[in-house]
$ cat data_13.csv   # CSV, C-alpha atoms and all ligand atoms
chain,number,residue,atom,x,y,z
A,1,MET,CA,14.0,-25.2,0.0
A,2,ALA,CA,10.8,-23.3,-0.9
A,3,ASP,CA,10.1,-20.2,1.1
A,4,THR,CA,6.9,-20.3,3.1
A,5,ILE,CA,4.6,-17.2,3.2
A,6,THR,CA,1.4,-16.4,5.0
A,7,VAL,CA,-1.6,-15.5,2.9
A,8,PHE,CA,-4.8,-13.8,4.1
A,9,LYS,CA,-7.7,-14.1,1.7
A,10,GLY,CA,-9.9,-11.2,3.0
A,11,ASP,CA,-13.4,-10.3,1.9
A,12,GLY,CA,-15.2,-8.9,-1.1
A,13,ILE,CA,-12.9,-9.3,-4.1
A,14,GLY,CA,-10.2,-10.6,-1.9
A,15,PRO,CA,-10.7,-14.3,-2.4
A,16,GLU,CA,-11.1,-13.9,-6.2
A,17,ILE,CA,-7.9,-11.9,-6.7
A,18,THR,CA,-6.0,-14.1,-4.2
A,19,ASP,CA,-6.8,-17.3,-6.2
A,20,SER,CA,-5.7,-15.7,-9.4
A,21,VAL,CA,-2.5,-14.3,-8.0
A,22,LEU,CA,-1.4,-17.6,-6.3
A,23,ARG,CA,-2.0,-19.4,-9.6
A,24,ILE,CA,0.2,-16.9,-11.4
A,25,LEU,CA,2.9,-17.1,-8.8
A,26,ASP,CA,2.9,-20.9,-9.2
A,27,ALA,CA,3.0,-20.7,-13.0
A,28,ALA,CA,5.9,-18.3,-12.8
A,29,GLY,CA,7.9,-20.8,-10.8
A,30,ALA,CA,7.9,-18.7,-7.6
A,31,ASP,CA,8.4,-21.9,-5.6
A,32,LEU,CA,6.6,-20.8,-2.5
A,33,ASN,CA,4.6,-22.7,0.1
A,34,TYR,CA,1.5,-20.9,1.2
A,35,GLU,CA,-0.2,-21.0,4.6
A,36,VAL,CA,-3.6,-19.6,3.6
A,37,PHE,CA,-6.2,-18.2,6.0
A,38,ASN,CA,-9.7,-16.7,5.6
A,39,VAL,CA,-9.9,-13.5,7.5
A,40,GLY,CA,-12.4,-10.7,7.9
A,41,ALA,CA,-16.1,-10.3,8.4
A,42,ALA,CA,-17.1,-13.7,7.0
A,43,GLU,CA,-14.5,-15.5,9.2
A,44,TYR,CA,-15.8,-13.5,12.2
A,45,GLU,CA,-19.4,-14.7,11.6
A,46,ALA,CA,-18.3,-18.3,11.1
A,47,HIS,CA,-15.7,-18.7,13.9
A,48,GLY,CA,-16.0,-15.5,16.1
A,49,GLU,CA,-12.6,-14.2,15.1
A,50,LEU,CA,-11.5,-11.7,12.4
A,51,ILE,CA,-8.2,-13.4,12.1
A,52,PRO,CA,-7.8,-16.9,13.4
A,53,LYS,CA,-5.1,-17.5,16.0
A,54,GLU,CA,-3.4,-19.8,13.5
A,55,GLY,CA,-3.2,-16.9,11.1
A,56,TYR,CA,-1.2,-14.8,13.6
A,57,ALA,CA,0.9,-17.8,14.5
A,58,SER,CA,1.8,-18.3,10.8
A,59,MET,CA,2.7,-14.6,10.4
A,60,GLU,CA,4.9,-14.8,13.4
A,61,LYS,CA,6.7,-17.9,11.9
A,62,THR,CA,7.0,-16.8,8.3
A,63,HIS,CA,7.3,-13.0,8.9
A,64,ILE,CA,6.0,-12.4,5.4
A,65,LEU,CA,2.3,-11.8,4.7
A,66,LEU,CA,0.5,-11.5,1.4
A,67,LYS,CA,-2.8,-9.9,2.4
A,68,SER,CA,-5.8,-9.2,0.2
A,69,PRO,CA,-8.3,-6.5,1.1
A,70,ILE,CA,-10.5,-6.7,4.2
A,71,THR,CA,-13.8,-4.9,4.6
A,72,THR,CA,-14.0,-2.6,7.6
A,73,PRO,CA,-17.6,-2.1,8.6
A,74,LEU,CA,-18.3,1.6,9.4
A,75,GLY,CA,-19.2,2.7,12.9
A,76,LYS,CA,-18.7,1.0,16.2
A,77,GLY,CA,-17.5,-2.6,16.9
A,78,PHE,CA,-14.7,-3.4,14.5
A,79,ARG,CA,-11.4,-1.8,14.6
A,80,SER,CA,-9.9,-1.9,11.1
A,81,LEU,CA,-7.9,-5.2,10.7
A,82,ASN,CA,-5.6,-3.4,8.4
A,83,VAL,CA,-4.7,-0.8,11.0
A,84,THR,CA,-4.5,-3.6,13.6
A,85,LEU,CA,-2.0,-5.6,11.5
A,86,ARG,CA,0.1,-2.6,10.7
A,87,LYS,CA,0.4,-1.6,14.4
A,88,LYS,CA,0.8,-5.1,15.8
A,89,TYR,CA,3.7,-5.9,13.6
A,90,ASP,CA,5.0,-2.3,13.6
A,91,LEU,CA,4.9,-2.1,9.8
A,92,TYR,CA,5.8,1.5,9.8
A,93,ALA,CA,6.7,2.2,6.1
A,94,ASN,CA,3.9,1.9,3.6
A,95,ILE,CA,5.5,2.2,0.2
A,96,ARG,CA,3.2,2.8,-2.8
A,97,PRO,CA,4.8,3.1,-6.2
A,98,ALA,CA,2.6,4.6,-8.9
A,99,LYS,CA,3.9,4.6,-12.5
A,100,THR,CA,2.3,5.3,-15.8
A,101,ASN,CA,2.0,2.3,-18.0
A,102,SER,CA,2.0,3.5,-21.6
A,103,ALA,CA,-0.5,0.7,-22.5
A,104,VAL,CA,-3.1,2.1,-20.0
A,105,LYS,CA,-4.6,5.3,-21.4
A,106,THR,CA,-5.2,8.1,-19.0
A,107,ALA,CA,-5.1,11.9,-19.2
A,108,PHE,CA,-1.7,11.8,-17.6
A,109,GLU,CA,1.8,10.9,-18.8
A,110,ASN,CA,5.1,10.3,-17.1
A,111,VAL,CA,3.8,9.7,-13.6
A,112,ASP,CA,6.4,8.0,-11.6
A,113,ILE,CA,5.8,8.7,-7.9
A,114,VAL,CA,6.5,6.7,-4.8
A,115,ILE,CA,4.5,7.5,-1.7
A,116,PHE,CA,6.0,6.8,1.7
A,117,ARG,CA,3.0,6.8,4.1
A,118,GLU,CA,3.7,6.6,7.8
A,119,ASN,CA,1.6,3.6,8.9
A,120,THR,CA,1.4,3.4,12.7
A,121,GLU,CA,0.2,6.7,14.2
A,122,ASP,CA,-1.5,10.0,13.3
A,123,LEU,CA,-5.3,10.0,13.6
A,124,TYR,CA,-5.2,6.2,12.9
A,125,ALA,CA,-3.8,5.6,16.4
A,126,GLY,CA,-7.5,5.1,17.3
A,127,VAL,CA,-7.5,7.4,20.3
A,128,GLU,CA,-11.1,8.8,20.4
A,129,GLU,CA,-12.8,10.1,23.4
A,130,MET,CA,-16.5,11.0,23.9
A,131,ILE,CA,-16.3,14.3,25.8
A,132,ASP,CA,-20.1,14.7,26.1
A,133,GLN,CA,-23.0,13.4,24.0
A,134,ASP,CA,-22.3,15.9,21.2
A,135,THR,CA,-18.5,16.2,21.3
A,136,VAL,CA,-15.8,13.7,20.3
A,137,HIS,CA,-12.1,14.2,20.4
A,138,SER,CA,-10.1,12.2,17.9
A,139,ILE,CA,-6.5,12.6,18.8
A,140,LYS,CA,-3.7,12.9,16.3
A,141,ILE,CA,-0.5,11.4,17.6
A,142,ILE,CA,2.8,12.3,16.0
A,143,THR,CA,6.1,11.1,17.6
A,144,ARG,CA,9.7,11.9,16.7
A,145,LYS,CA,10.6,8.3,16.5
A,146,CYS,CA,7.9,7.5,13.9
A,147,CYS,CA,8.7,10.7,11.9
A,148,GLU,CA,12.4,9.9,11.8
A,149,ARG,CA,12.0,6.3,10.6
A,150,ILE,CA,9.5,7.0,7.8
A,151,ILE,CA,11.5,10.0,6.6
A,152,ARG,CA,14.8,8.0,6.7
A,153,ALA,CA,13.1,5.1,4.8
A,154,ALA,CA,12.1,7.5,2.1
A,155,PHE,CA,15.6,9.0,1.7
A,156,ASP,CA,17.3,5.6,1.9
A,157,TYR,CA,14.9,4.4,-0.9
A,158,ALA,CA,15.8,7.5,-2.9
A,159,VAL,CA,19.5,6.6,-2.7
A,160,SER,CA,19.1,2.9,-3.4
A,161,HIS,CA,16.7,3.4,-6.3
A,162,ASN,CA,18.5,6.3,-7.9
A,163,ARG,CA,15.7,8.8,-7.3
A,164,LYS,CA,16.3,12.6,-7.3
A,165,LYS,CA,13.9,14.2,-4.9
A,166,VAL,CA,11.9,13.7,-1.7
A,167,THR,CA,9.0,16.0,-1.0
A,168,CYS,CA,7.6,16.3,2.5
A,169,VAL,CA,3.8,16.7,2.5
A,170,HIS,CA,2.2,18.2,5.6
A,171,LYS,CA,-0.2,20.8,7.0
A,172,ALA,CA,2.2,22.6,9.2
A,173,ASN,CA,0.5,25.9,8.6
A,174,ILE,CA,-2.4,24.7,10.7
A,175,MET,CA,-1.0,21.9,12.9
A,176,LYS,CA,2.0,23.8,13.8
A,177,MET,CA,3.3,21.5,16.5
A,178,ALA,CA,2.5,18.0,15.0
A,179,ASP,CA,3.1,18.7,11.4
A,180,GLY,CA,5.7,21.3,12.2
A,181,MET,CA,7.7,18.7,14.0
A,182,PHE,CA,7.4,16.3,11.0
A,183,ARG,CA,8.6,19.0,8.6
A,184,ASP,CA,11.5,20.1,10.9
A,185,ILE,CA,12.7,16.5,11.3
A,186,PHE,CA,12.5,16.1,7.5
A,187,TYR,CA,14.9,19.0,6.9
A,188,ASP,CA,17.2,17.9,9.7
A,189,LEU,CA,17.5,14.4,8.2
A,190,SER,CA,17.7,15.7,4.6
A,191,LYS,CA,21.2,17.1,5.5
A,192,GLU,CA,22.4,13.5,5.7
A,193,TYR,CA,21.4,13.0,2.0
A,194,PRO,CA,23.2,15.8,0.2
A,195,ASP,CA,22.7,14.2,-3.2
A,196,ILE,CA,18.9,14.0,-2.9
A,197,ALA,CA,16.9,17.2,-3.4
A,198,ALA,CA,14.4,17.9,-0.6
A,199,ASP,CA,11.4,20.2,-0.6
A,200,ASP,CA,8.1,20.5,1.3
A,201,LYS,CA,4.5,21.3,0.3
A,202,ILE,CA,1.2,21.7,2.0
A,203,VAL,CA,-1.1,18.8,1.4
A,204,ASP,CA,-4.0,20.7,-0.2
A,205,ASN,CA,-1.6,22.3,-2.6
A,206,VAL,CA,-0.2,18.9,-3.3
A,207,ALA,CA,-3.7,17.6,-4.2
A,208,MET,CA,-3.9,20.3,-6.9
A,209,GLN,CA,-0.3,20.0,-8.1
A,210,LEU,CA,-0.6,16.2,-8.5
A,211,VAL,CA,-3.4,16.7,-10.9
A,212,MET,CA,-1.8,19.6,-12.8
A,213,HIS,CA,1.8,18.5,-12.8
A,214,PRO,CA,2.3,15.0,-11.6
A,215,GLU,CA,5.6,14.7,-13.5
A,216,LYS,CA,7.1,17.1,-11.0
A,217,PHE,CA,6.8,14.7,-8.1
A,218,ASP,CA,9.3,11.9,-7.4
A,219,ILE,CA,9.1,10.6,-3.8
A,220,ILE,CA,6.5,11.9,-1.4
A,221,VAL,CA,6.9,11.3,2.4
A,222,THR,CA,3.9,12.1,4.5
A,223,GLU,CA,1.8,11.2,7.6
A,224,ASN,CA,-0.7,8.5,7.7
A,225,LEU,CA,-4.0,10.2,6.8
A,226,TYR,CA,-2.5,12.4,4.0
A,227,GLY,CA,-0.7,9.4,2.6
A,228,ASP,CA,-4.0,7.4,2.5
A,229,VAL,CA,-5.9,10.1,0.6
A,230,LEU,CA,-3.1,11.0,-1.8
A,231,SER,CA,-2.5,7.4,-2.7
A,232,ASP,CA,-6.0,7.0,-4.1
A,233,LEU,CA,-5.6,10.3,-5.9
A,234,VAL,CA,-2.3,9.1,-7.5
A,235,SER,CA,-3.9,5.8,-8.4
A,236,GLY,CA,-6.4,7.8,-10.5
A,237,LEU,CA,-3.5,9.3,-12.5
A,238,ILE,CA,-2.2,5.9,-13.6
A,239,GLY,CA,-5.5,4.2,-14.4
A,240,GLY,CA,-7.2,3.5,-11.0
A,241,LEU,CA,-6.9,1.4,-7.9
A,242,GLY,CA,-6.6,-1.8,-9.8
A,243,LEU,CA,-3.0,-0.8,-10.6
A,244,LEU,CA,-1.5,0.5,-7.3
A,245,PRO,CA,0.5,-2.1,-5.2
A,246,SER,CA,2.1,-1.6,-1.8
A,247,SER,CA,4.5,-3.0,0.7
A,248,ASN,CA,4.2,-2.4,4.4
A,249,LEU,CA,7.7,-2.8,6.0
A,250,GLY,CA,8.8,-3.0,9.6
A,251,LYS,CA,12.0,-4.1,11.2
A,252,ASP,CA,10.9,-7.8,11.7
A,253,PHE,CA,7.8,-8.3,9.5
A,254,ALA,CA,6.6,-7.4,6.0
A,255,MET,CA,3.2,-7.3,4.6
A,256,PHE,CA,2.2,-6.9,0.9
A,257,GLU,CA,-1.2,-5.7,-0.3
A,258,ALA,CA,-3.0,-3.8,-2.9
A,259,VAL,CA,-3.8,-0.2,-2.0
A,260,HIS,CA,-7.5,-0.7,-2.9
A,261,GLY,CA,-10.1,-2.1,-0.6
A,262,SER,CA,-12.5,-5.0,-0.9
A,263,ALA,CA,-14.6,-3.3,-3.6
A,264,PRO,CA,-18.0,-4.6,-2.4
A,265,ASP,CA,-19.6,-3.0,-5.5
A,266,ILE,CA,-18.0,-5.6,-7.8
A,267,ALA,CA,-17.4,-8.5,-5.4
A,268,GLY,CA,-18.5,-11.9,-6.6
A,269,GLN,CA,-18.8,-10.8,-10.3
A,270,GLY,CA,-15.4,-12.2,-11.3
A,271,ILE,CA,-14.3,-8.9,-12.9
A,272,ALA,CA,-11.9,-7.4,-10.3
A,273,ASN,CA,-8.5,-6.4,-11.6
A,274,PRO,CA,-5.8,-8.5,-9.8
A,275,THR,CA,-2.9,-6.4,-11.1
A,276,ALA,CA,-2.4,-4.3,-8.0
A,277,PHE,CA,-2.3,-7.4,-5.8
A,278,LEU,CA,-0.1,-9.2,-8.3
A,279,TRP,CA,2.4,-6.3,-8.3
A,280,SER,CA,2.3,-6.4,-4.5
A,281,ALA,CA,3.2,-10.1,-4.8
A,282,CYS,CA,6.1,-9.0,-7.1
A,283,MET,CA,7.3,-6.6,-4.4
A,284,LEU,CA,7.1,-9.6,-2.0
A,285,LEU,CA,9.2,-11.7,-4.4
A,286,GLU,CA,11.8,-8.9,-4.7
A,287,HIS,CA,11.8,-8.5,-0.9
A,288,ILE,CA,12.7,-12.2,-0.4
A,289,GLY,CA,15.3,-12.2,-3.2
A,290,LYS,CA,13.3,-13.6,-6.1
A,291,GLN,CA,13.9,-10.7,-8.4
A,292,ASP,CA,14.0,-13.0,-11.5
A,293,VAL,CA,10.5,-14.4,-10.9
A,294,ALA,CA,9.1,-10.9,-10.2
A,295,ALA,CA,10.7,-9.6,-13.4
A,296,ARG,CA,9.1,-12.5,-15.4
A,297,ILE,CA,5.7,-11.7,-14.0
A,298,ARG,CA,6.0,-8.0,-14.5
A,299,LYS,CA,7.0,-8.6,-18.2
A,300,ALA,CA,4.0,-10.9,-18.7
A,301,VAL,CA,1.7,-8.2,-17.3
A,302,ASP,CA,3.2,-5.6,-19.5
A,303,LEU,CA,2.7,-7.7,-22.6
A,304,VAL,CA,-1.0,-8.4,-21.7
A,305,LEU,CA,-1.6,-4.7,-21.1
A,306,GLU,CA,0.2,-3.7,-24.3
A,307,ASP,CA,-1.8,-6.3,-26.3
A,308,GLY,CA,-4.9,-4.7,-24.9
A,309,SER,CA,-7.3,-7.5,-25.9
A,310,VAL,CA,-7.7,-9.1,-22.5
A,311,LEU,CA,-8.3,-6.4,-19.9
A,312,THR,CA,-10.6,-6.1,-17.0
A,313,PRO,CA,-13.4,-3.5,-17.2
A,314,ASP,CA,-11.8,-1.0,-14.8
A,315,ILE,CA,-9.1,-0.4,-17.4
A,316,GLY,CA,-11.3,-0.4,-20.4
A,317,GLY,CA,-11.7,-4.1,-21.3
A,318,THR,CA,-14.4,-6.8,-20.9
A,319,ALA,CA,-12.3,-9.7,-19.6
A,320,THR,CA,-12.9,-11.5,-16.4
A,321,THR,CA,-10.3,-11.8,-13.6
A,322,VAL,CA,-9.7,-15.4,-14.7
A,323,GLU,CA,-9.4,-14.6,-18.4
A,324,TYR,CA,-6.9,-11.9,-17.6
A,325,GLU,CA,-5.0,-14.3,-15.3
A,326,LYS,CA,-4.8,-16.9,-18.0
A,327,ALA,CA,-3.5,-14.3,-20.5
A,328,ILE,CA,-0.7,-13.4,-18.1
A,329,ILE,CA,0.2,-17.1,-17.5
A,330,ALA,CA,0.3,-17.6,-21.3
A,331,HIS,CA,2.9,-14.8,-21.6
A,332,LEU,CA,5.1,-16.1,-18.8
A,401,LIG,P1,-12.3,0.2,-2.6
A,401,LIG,O1,-10.8,0.5,-2.9
A,401,LIG,O2,-12.7,-1.1,-2.2
A,401,LIG,O3,-13.1,0.6,-4.0
A,401,LIG,C1,-13.1,1.9,-4.5
A,401,LIG,C2,-13.6,1.8,-6.0
A,401,LIG,O4,-12.5,1.2,-6.8
A,401,LIG,C3,-14.8,0.9,-6.2
A,401,LIG,O5,-15.6,1.4,-7.2
A,401,LIG,C4,-14.2,-0.4,-6.7
A,401,LIG,O6,-15.0,-1.2,-7.5
A,401,LIG,C5,-12.9,0.0,-7.4
A,401,LIG,N1,-11.8,-1.0,-7.3
A,401,LIG,C6,-11.1,-1.2,-6.2
A,401,LIG,N2,-10.2,-2.2,-6.4
A,401,LIG,C7,-10.5,-2.6,-7.7
A,401,LIG,C8,-9.9,-3.7,-8.5
A,401,LIG,N3,-9.0,-4.5,-8.0
A,401,LIG,N4,-10.5,-3.9,-9.7
A,401,LIG,C9,-11.4,-3.1,-10.2
A,401,LIG,N5,-12.0,-2.1,-9.5
A,401,LIG,C10,-11.5,-1.9,-8.2
A,401,LIG,O7,-12.8,1.3,-1.6
A,401,LIG,P2,-14.1,1.4,-0.7
A,401,LIG,O8,-15.3,1.0,-1.5
A,401,LIG,O9,-14.1,2.7,-0.1
A,401,LIG,O10,-13.9,0.4,0.5
A,401,LIG,C11,-14.5,-0.9,0.6
A,401,LIG,C12,-14.0,-1.6,1.8
A,401,LIG,O11,-12.6,-1.9,1.8
A,401,LIG,C13,-14.2,-0.8,3.1
A,401,LIG,O12,-14.7,-1.6,4.1
A,401,LIG,C14,-12.8,-0.3,3.4
A,401,LIG,O13,-12.7,-0.1,4.8
A,401,LIG,C15,-12.0,-1.5,3.0
A,401,LIG,N6,-10.6,-1.1,2.6
A,401,LIG,C16,-9.7,-2.0,2.9
A,401,LIG,C17,-8.4,-1.8,2.5
A,401,LIG,C18,-7.4,-2.9,2.8
A,401,LIG,O14,-7.7,-4.0,3.1
A,401,LIG,N7,-6.1,-2.6,2.7
A,401,LIG,C19,-7.9,-0.6,1.9
A,401,LIG,C20,-9.0,0.3,1.6
A,401,LIG,C21,-10.3,0.1,2.0

$ encode --input "data_13.csv" --output "structure tokens"
Amino acid sequence: MADTITVFKGDGIGPEITDSVLRILDAAGADLNYEVFNVGAAEYEAHGELIPKEGYASMEKTHILLKSPITTPLGKGFRSLNVTLRKKYDLYANIRPAKTNSAVKTAFENVDIVIFRENTEDLYAGVEEMIDQDTVHSIKIITRKCCERIIRAAFDYAVSHNRKKVTCVHKANIMKMADGMFRDIFYDLSKEYPDIAADDKIVDNVAMQLVMHPEKFDIIVTENLYGDVLSDLVSGLIGGLGLLPSSNLGKDFAMFEAVHGSAPDIAGQGIANPTAFLWSACMLLEHIGKQDVAARIRKAVDLVLEDGSVLTPDIGGTATTVEYEKAIIAHL
């Protein structure tokens, strides 16, 4: 029987890349049923809810969500739907693999880094307090439980994926208690993984080292905010946000999404790169045991990238999203 997954279409470039990715999944023989929902700002204006109740109900039934980007308006009113979903379903491990593709020319070679970003706490806990008219406290929450599970997830992944090293990224020189605890737990747990090298670095240094010597990094485990910022930096090393997928895993639920946002600057132009979202869908397929279909799609993408004649503008081409999608389907 076909597996059923929940799909959120999102805003901005979300609907465009979702349509392309679902067509590629079908053409590859993924054999999935989709329960598709419009979510985000447009859905709120039309029906008064950012995510329809049926969307949550579907997620609670299928436990697997393929989610395209959602705009988060700045300022008051909206809490980020992305943060809401990650917290609601306790999707604590945000896993972001960034690998050089030799067909995409950048100034960097041999980048092969997986970022493990803690997804449920830190400054994203949303605890902000107006102290007086001119003073806001935004509270950073770090708990032993959440540190342990993300660090364990990073080491377990290192073992299962034959990786060599996990680097703990923090700012313990300044946040001695919060980041100090993160670092201490990291070294305590690292003793359980004697075959994996463990080291730690301060986040600002990491920003520089990633640009100077990205090949020295293997797996990075870090808190929520640092992971957010460093992910975009790392995407720049491999050709941009159009190429960085992610999974958000918890005990009971899993969500797969591109790292990028809704790209309002190019929305509606039909030129968004769907690769990051497609590779996120491949991570979904691997999660549900369809490794063969994922491999077929990954191979087709590699062939299109290598060929180089049908690429979207962000990676140096002139093709539209749909032309790129068709080229992938032709290589399946
Ligand atoms: P963004 O990631 O949407 O875009 C940054 C830059 O990368 C833009 O120039 C954009 O055109 C380009 N870009 C991103 N994805 C691309 C793709 N697939 N193909 C080609 N070019 C691509 O970041 P921005 O502009 O800061 O955020 C826009 C909105 O998205 C905000 O409301 C933000 O809160 C939201 N957002 C949502 C996320 C999610 O749903 N998981 C993640 C990040 C941001």

$ residues_near_point --input "data_13.csv" --point "(-0.4, 12.2, -4.9)" --cutoff "10 Å" --atoms "all atoms listed in the file" --output "PDB file with C-alpha atoms, in the coordinates of the input"
ATOM      1  CA  ALA A  98       2.600   4.600  -8.900  1.00  0.00           C
ATOM      2  CA  VAL A 111       3.800   9.700 -13.600  1.00  0.00           C
ATOM      3  CA  ILE A 113       5.800   8.700  -7.900  1.00  0.00           C
ATOM      4  CA  VAL A 114       6.500   6.700  -4.800  1.00  0.00           C
ATOM      5  CA  ILE A 115       4.500   7.500  -1.700  1.00  0.00           C
ATOM      6  CA  VAL A 169       3.800  16.700   2.500  1.00  0.00           C
ATOM      7  CA  VAL A 203      -1.100  18.800   1.400  1.00  0.00           C
ATOM      8  CA  VAL A 206      -0.200  18.900  -3.300  1.00  0.00           C
ATOM      9  CA  ALA A 207      -3.700  17.600  -4.200  1.00  0.00           C
ATOM     10  CA  MET A 208      -3.900  20.300  -6.900  1.00  0.00           C
ATOM     11  CA  GLN A 209      -0.300  20.000  -8.100  1.00  0.00           C
ATOM     12  CA  LEU A 210      -0.600  16.200  -8.500  1.00  0.00           C
ATOM     13  CA  VAL A 211      -3.400  16.700 -10.900  1.00  0.00           C
ATOM     14  CA  PRO A 214       2.300  15.000 -11.600  1.00  0.00           C
ATOM     15  CA  PHE A 217       6.800  14.700  -8.100  1.00  0.00           C
ATOM     16  CA  ILE A 219       9.100  10.600  -3.800  1.00  0.00           C
ATOM     17  CA  ILE A 220       6.500  11.900  -1.400  1.00  0.00           C
ATOM     18  CA  TYR A 226      -2.500  12.400   4.000  1.00  0.00           C
ATOM     19  CA  GLY A 227      -0.700   9.400   2.600  1.00  0.00           C
ATOM     20  CA  ASP A 228      -4.000   7.400   2.500  1.00  0.00           C
ATOM     21  CA  VAL A 229      -5.900  10.100   0.600  1.00  0.00           C
ATOM     22  CA  LEU A 230      -3.100  11.000  -1.800  1.00  0.00           C
ATOM     23  CA  SER A 231      -2.500   7.400  -2.700  1.00  0.00           C
ATOM     24  CA  ASP A 232      -6.000   7.000  -4.100  1.00  0.00           C
ATOM     25  CA  LEU A 233      -5.600  10.300  -5.900  1.00  0.00           C
ATOM     26  CA  VAL A 234      -2.300   9.100  -7.500  1.00  0.00           C
ATOM     27  CA  SER A 235      -3.900   5.800  -8.400  1.00  0.00           C
ATOM     28  CA  GLY A 236      -6.400   7.800 -10.500  1.00  0.00           C
ATOM     29  CA  LEU A 237      -3.500   9.300 -12.500  1.00  0.00           C
TER      30      LEU A 237
END

$ residues_near_ligand --input "data_13.csv" --ligand "ligand LIG 401 (chain A)" --cutoff "6 Å" --atoms "only C-alpha atoms and all ligand atoms" --output "list in words"
Pro69, Ile70, Thr71, Thr72, Pro73, Asn82, Leu241, Gly242, Val259, His260, Gly261, Ser262, Ala263, Pro264, Asp265, Ile266, Ala272, Asn273, Pro274 and Asp314 of chain A

$ closest_residue --input "data_13.csv" --among "A:Ala300, A:Ile315, A:Ile238, A:Met175" --to "A:Asn110" --atoms "only C-alpha atoms"
A:Ile238

$ axis_aligned_box --input "data_13.csv" --around "stretch 157-162 of chain A" --padding-each-side "8 Å" --output "JSON"
{"center_x": 17.2, "center_y": 5.2, "center_z": -4.4, "size_x": 20.6, "size_y": 20.6, "size_z": 23.0}

$ residues_around --input "data_13.csv" --residues "A:Leu32" --least-positions-apart "2" --cutoff "7 Å" --atoms "only C-alpha atoms" --output "ChimeraX atom specification"
/A:2-4,30,34

$ closest_residue --input "data_13.csv" --among "A:Ala198, A:Ile150, A:Val7, A:Leu123" --to "A:Ile64" --atoms "only C-alpha atoms"
A:Val7
